[in-house]
Amino acid sequence: MELLRSLPGVGRRSAERMALSLYSWDGEKLDALSSNLHTLKQRVGKCPRCGNLSGDDSEDGLCPICASPVRDASVVCVVEEAARIRNIESSGVFKGVYHVLGGRIAPLEGRGIDSIDADGLEKRIAEGTIREIILALSPDVEGQATAIYLARRLKERGVKISRLAQGLPAGSDLSYADPATIAAALSGRTSFE
Ligand SMILES: [Zn+2]
């Protein structure tokens with residue numbers, strides 16, 4: 001129960017229900033879960049191009065989105081965490097690729113520019129195939145500080161920089177937005193000034 005409680009959104013009662021439910025599982029099902037957990041870190045890695053999660057069966061370790069021939073590699077949506085990709089994919093409107101920063105800038109908490117993968121993004125832009133960067137960061141202070149930093153840094157690179165249209169509730173993040181809201185925010189994106 002203690003360990004289950006460290007999962008997001010799981011309180012004491014839910015952890016208790018989960019633990020009791022696990023106890024009622026048969027041995028085979030428990031073994032399957034346990035071996036999946038045991039090999040999780042070996043089987044799931046990070047995409048070397050975008051930082052999304054990727055399986056060990058993929059070519060060059062690329063995630064399914066980077067490896068897909070139908071995705072438009074000239075449009076890159078920049079997100080804080082890999083989990084956001086799932087939210088944006090659920091809207092079904094984005095056909096480009098992603099870049100995962102792995103965090104955001106929070107100077108007051110001692111998290112500076114080294115805490116995000118801006119170098120990786122810059123390197124990808126330097127390869128010359130990217131024409132638009134969409135900054136899909138949280139609409140809170142840290143997310144916006146990160147967006148402003150990136151926009152300034154990438155300005156000289158000759159790519160179009162845009163951000164999601166307003167519509168996401170202030171202070172909330174993409175993980176709580178429904179697919180229709182994300183779709184509207186993406187299609188109504190505005191140029192970053
Ligand atoms: Zn990828």
# chains A, B, ... in the order shown; residues from 1 in each chain; ligands from 1
>>> select_by_dssp(residues="stretch 108-168 of chain A", states="alpha helix (DSSP H)", output="number ranges by chain")
A: 118-126, 141-154
>>> residues_around(residues="A:Glu80", least_positions_apart="6", cutoff="9 Å", atoms="only C-alpha atoms", output="PyMOL selection string")
chain A and resi 99-104+116+136-138+143
>>> write_last_selection(atoms="N, CA and C atoms", output="mmCIF file, in the first residue's frame")
data_model
loop_
_atom_site.group_PDB
_atom_site.id
_atom_site.type_symbol
_atom_site.label_atom_id
_atom_site.label_comp_id
_atom_site.auth_asym_id
_atom_site.auth_seq_id
_atom_site.Cartn_x
_atom_site.Cartn_y
_atom_site.Cartn_z
ATOM 1 N N HIS A 99 9.163 17.054 -29.179
ATOM 2 C CA HIS A 99 10.428 17.111 -28.453
ATOM 3 C C HIS A 99 10.105 17.236 -26.961
ATOM 4 N N VAL A 100 10.661 16.337 -26.171
ATOM 5 C CA VAL A 100 10.392 16.328 -24.726
ATOM 6 C C VAL A 100 11.530 17.067 -24.008
ATOM 7 N N LEU A 101 11.162 18.111 -23.271
ATOM 8 C CA LEU A 101 12.182 18.894 -22.554
ATOM 9 C C LEU A 101 12.665 18.186 -21.288
ATOM 10 N N GLY A 102 11.802 17.356 -20.731
ATOM 11 C CA GLY A 102 12.168 16.654 -19.490
ATOM 12 C C GLY A 102 12.060 17.530 -18.256
ATOM 13 N N GLY A 103 11.269 18.591 -18.345
ATOM 14 C CA GLY A 103 11.078 19.467 -17.186
ATOM 15 C C GLY A 103 10.815 20.884 -17.646
ATOM 16 N N ARG A 104 10.914 21.802 -16.723
ATOM 17 C CA ARG A 104 10.759 23.208 -17.070
ATOM 18 C C ARG A 104 11.610 24.046 -16.138
ATOM 19 N N ILE A 116 16.407 21.441 -18.604
ATOM 20 C CA ILE A 116 15.601 21.074 -19.780
ATOM 21 C C ILE A 116 16.529 20.761 -20.958
ATOM 22 N N ALA A 136 4.161 23.846 -26.532
ATOM 23 C CA ALA A 136 2.930 23.387 -25.856
ATOM 24 C C ALA A 136 3.231 23.177 -24.381
ATOM 25 N N LEU A 137 3.569 24.267 -23.714
ATOM 26 C CA LEU A 137 3.953 24.184 -22.307
ATOM 27 C C LEU A 137 2.779 24.612 -21.431
ATOM 28 N N SER A 138 2.863 24.270 -20.160
ATOM 29 C CA SER A 138 1.780 24.602 -19.231
ATOM 30 C C SER A 138 1.565 26.114 -19.181
ATOM 31 N N GLY A 143 5.871 27.265 -16.782
ATOM 32 C CA GLY A 143 5.710 26.846 -18.182
ATOM 33 C C GLY A 143 5.938 28.025 -19.114
#
>>> closest_atom_pairs(of="chain A", to="ligand 1", cutoff="8 Å", atoms="only C-alpha atoms and all ligand atoms", output="CSV")
residue,atom,partner,partner_atom_place_in_ligand_line,distance
A:Lys46,CA,ligand 1,1 (Zn),7.8
A:Cys47,CA,ligand 1,1 (Zn),4.6
A:Pro48,CA,ligand 1,1 (Zn),6.7
A:Arg49,CA,ligand 1,1 (Zn),5.1
A:Cys50,CA,ligand 1,1 (Zn),4.1
A:Gly51,CA,ligand 1,1 (Zn),5.9
A:Asn52,CA,ligand 1,1 (Zn),5.1
A:Leu53,CA,ligand 1,1 (Zn),7.4
A:Ser54,CA,ligand 1,1 (Zn),7.3
A:Leu62,CA,ligand 1,1 (Zn),5.2
A:Cys63,CA,ligand 1,1 (Zn),4.2
A:Pro64,CA,ligand 1,1 (Zn),6.8
A:Ile65,CA,ligand 1,1 (Zn),5.7
A:Cys66,CA,ligand 1,1 (Zn),4.3
A:Ala67,CA,ligand 1,1 (Zn),7.1
A:Val97,CA,ligand 1,1 (Zn),7.5
A:Tyr98,CA,ligand 1,1 (Zn),6.8
A:His99,CA,ligand 1,1 (Zn),7.5
>>> write_last_selection(atoms="C-alpha atoms", output="short mmCIF file (atom, residue, chain, number, x, y, z; two decimals), in the first residue's frame")
data_model
loop_
_atom_site.label_atom_id
_atom_site.label_comp_id
_atom_site.auth_asym_id
_atom_site.auth_seq_id
_atom_site.Cartn_x
_atom_site.Cartn_y
_atom_site.Cartn_z
CA LYS A 46 13.87 6.88 -24.32
CA CYS A 47 13.72 7.83 -27.99
CA PRO A 48 17.17 9.26 -28.86
CA ARG A 49 15.57 11.84 -31.15
CA CYS A 50 12.65 13.28 -29.18
CA GLY A 51 12.82 11.89 -25.64
CA ASN A 52 9.46 10.09 -25.88
CA LEU A 53 9.24 6.57 -24.47
CA SER A 54 10.15 3.82 -26.91
CA LEU A 62 13.14 5.45 -32.07
CA CYS A 63 9.63 5.96 -30.69
CA PRO A 64 6.67 5.05 -32.98
CA ILE A 65 6.08 8.74 -33.80
CA CYS A 66 9.67 9.49 -34.91
CA ALA A 67 9.81 6.18 -36.79
CA VAL A 97 6.58 15.15 -34.24
CA TYR A 98 7.57 16.02 -30.67
CA HIS A 99 10.43 17.11 -28.45
#
>>> closest_residue(among="A:Gly11, A:Val76, A:Ala151, A:Asn87", to="A:Arg124", atoms="only C-alpha atoms")
A:Val76
>>> residues_around(residues="A:Ile130", least_positions_apart="5", cutoff="9 Å", atoms="only C-alpha atoms", output="PyMOL selection string")
chain A and resi 73-76+124-125+159
>>> atom_distance(atom1="atom CA of A:Ile105", atom2="atom CA of A:Pro139")
13.2 Å
